[in-house]
Amino acid sequence: RFTFNVFYGNRLRIEFNGGGVNCDTTTTSPLNDGAWHHVAVVWNSTLSGAARVQLYVDGVAAANQSGSSLTITPNTPTTGTFRIGTRVDGINFFQGSIDDVRVWNYARTASEIQANMNTEFCGTQTGLVRYYKFNEGTPSANNTVTAINDYSSNNSTATATNFSLGTTSNFDAGKTLTPSTLDGTVPL
């Protein structure tokens, strides 16, 4: 499993097959301040140990603070469960709002993360294997939406579970994003 979670003391933790790295986010912005934050984790298999993992909060690299050695090579099967907001064993649910989840098949650079962290992609992106915008529902409305579209070329629709459906909105107004490209032409 690969788990990315909020840890005590406003730190983030990345866990992989029993090993883990704690990242110090106290020098960047606190994640529990009620504002939207962009967080990204990069796994670079060409590096070793804790250096394999880099975490970014609002485009700023967080220091790898402590953790056990990450010597295991990832096994990335083509089948299995991909979960957002909970561990693969279905416990420890995330208590907050999530918007715009992206999974890439290569280690993104700091400049790529910074350039695209507030951009909503309108077309296919090379290396993007999962892209959930969470735009299916209407904020502060009576939603019954449970299918979350994947905007990558894989079209892997997700099923939303444990959302507050009905009169309590299961969708929030996310952070305002900038479209990556605009095409002013409309075919007739």
# chains A, B, ... in the order shown; residues from 1 in each chain; ligands from 1
$ residues_around --residues "A:Val42" --least-positions-apart "6" --cutoff "7 Å" --atoms "only C-alpha atoms" --output "mmCIF file with C-alpha atoms, in the first residue's frame"
data_model
loop_
_atom_site.group_PDB
_atom_site.id
_atom_site.type_symbol
_atom_site.label_atom_id
_atom_site.label_comp_id
_atom_site.auth_asym_id
_atom_site.auth_seq_id
_atom_site.Cartn_x
_atom_site.Cartn_y
_atom_site.Cartn_z
ATOM 1 C CA VAL A 53 9.811 10.876 -1.263
ATOM 2 C CA GLN A 54 9.266 14.610 -1.600
ATOM 3 C CA LEU A 55 6.219 16.418 -0.322
ATOM 4 C CA ALA A 107 8.090 11.762 -10.747
ATOM 5 C CA ARG A 108 6.936 15.353 -11.293
#
$ residues_around --residues "A:Tyr151" --least-positions-apart "4" --cutoff "8 Å" --atoms "only C-alpha atoms" --output "number ranges by chain"
A: 124, 130-133, 155
$ write_last_selection --atoms "N, CA, C and O atoms" --output "tab-separated table (two decimals), in the first residue's frame"
chain	number	residue	atom	x	y	z
A	124	THR	N	-6.15	15.96	-22.50
A	124	THR	CA	-5.30	14.86	-22.06
A	124	THR	C	-3.88	15.35	-21.78
A	124	THR	O	-3.32	16.14	-22.53
A	130	ARG	N	-4.73	9.08	-13.54
A	130	ARG	CA	-6.00	9.29	-12.83
A	130	ARG	C	-6.15	10.79	-12.63
A	130	ARG	O	-5.21	11.47	-12.25
A	131	TYR	N	-7.37	11.29	-12.87
A	131	TYR	CA	-7.63	12.71	-12.70
A	131	TYR	C	-9.09	12.91	-12.31
A	131	TYR	O	-9.99	12.82	-13.14
A	132	TYR	N	-9.32	13.15	-11.03
A	132	TYR	CA	-10.65	13.35	-10.50
A	132	TYR	C	-10.81	14.82	-10.13
A	132	TYR	O	-10.18	15.30	-9.20
A	133	LYS	N	-11.68	15.53	-10.85
A	133	LYS	CA	-11.89	16.95	-10.60
A	133	LYS	C	-12.92	17.20	-9.49
A	133	LYS	O	-12.96	18.28	-8.93
A	155	ASN	N	-10.17	6.82	-18.16
A	155	ASN	CA	-11.61	6.84	-17.90
A	155	ASN	C	-12.03	5.86	-16.81
A	155	ASN	O	-12.94	5.07	-16.99
$ closest_residue --among "A:Val21, A:Gly96, A:His38, A:Ser156" --to "A:Arg52" --atoms "only C-alpha atoms"
A:Val21
$ closest_residue --among "A:Glu15, A:Asp33, A:Asp100, A:Glu112" --to "A:Tyr56" --atoms "only C-alpha atoms"
A:Glu112
$ atom_distance --atom1 "atom CA of A:Leu165" --atom2 "atom CA of A:Thr144"
5.5 Å
$ closest_residue --among "A:Ala147, A:Leu31, A:Ala115, A:Ile84" --to "A:Val6" --atoms "only C-alpha atoms"
A:Leu31
$ atom_distance --atom1 "atom CA of A:Phe16" --atom2 "atom CA of A:Val57"
19.8 Å
$ atom_distance --atom1 "atom CA of A:Pro139" --atom2 "atom CA of A:Phe94"
19.3 Å
$ residues_around --residues "A:Thr81" --least-positions-apart "6" --cutoff "12 Å" --atoms "only C-alpha atoms" --output "PDB file with C-alpha atoms, in the first residue's frame"
ATOM      1  CA  ARG A   1       0.000   0.000   0.000  1.00  0.00           C
ATOM      2  CA  PHE A   2       0.980   3.611  -0.510  1.00  0.00           C
ATOM      3  CA  ARG A  87      -6.755   3.666   3.845  1.00  0.00           C
ATOM      4  CA  VAL A  88      -7.118   0.510   1.746  1.00  0.00           C
ATOM      5  CA  ASP A  89      -8.432  -1.345   4.797  1.00  0.00           C
ATOM      6  CA  GLY A  90     -11.387   1.085   4.968  1.00  0.00           C
ATOM      7  CA  SER A 156     -11.632   5.010 -14.559  1.00  0.00           C
ATOM      8  CA  ALA A 158     -14.786   6.231  -9.186  1.00  0.00           C
ATOM      9  CA  THR A 159     -17.662   5.457  -6.830  1.00  0.00           C
TER      10      THR A 159
END
$ closest_residue --among "A:Thr3, A:Asp99, A:Asn135, A:Asn44" --to "A:Thr86" --atoms "only C-alpha atoms"
A:Thr3
$ closest_residue --among "A:Thr138, A:Phe163, A:Arg13, A:Val101" --to "A:Asn118" --atoms "only C-alpha atoms"
A:Val101
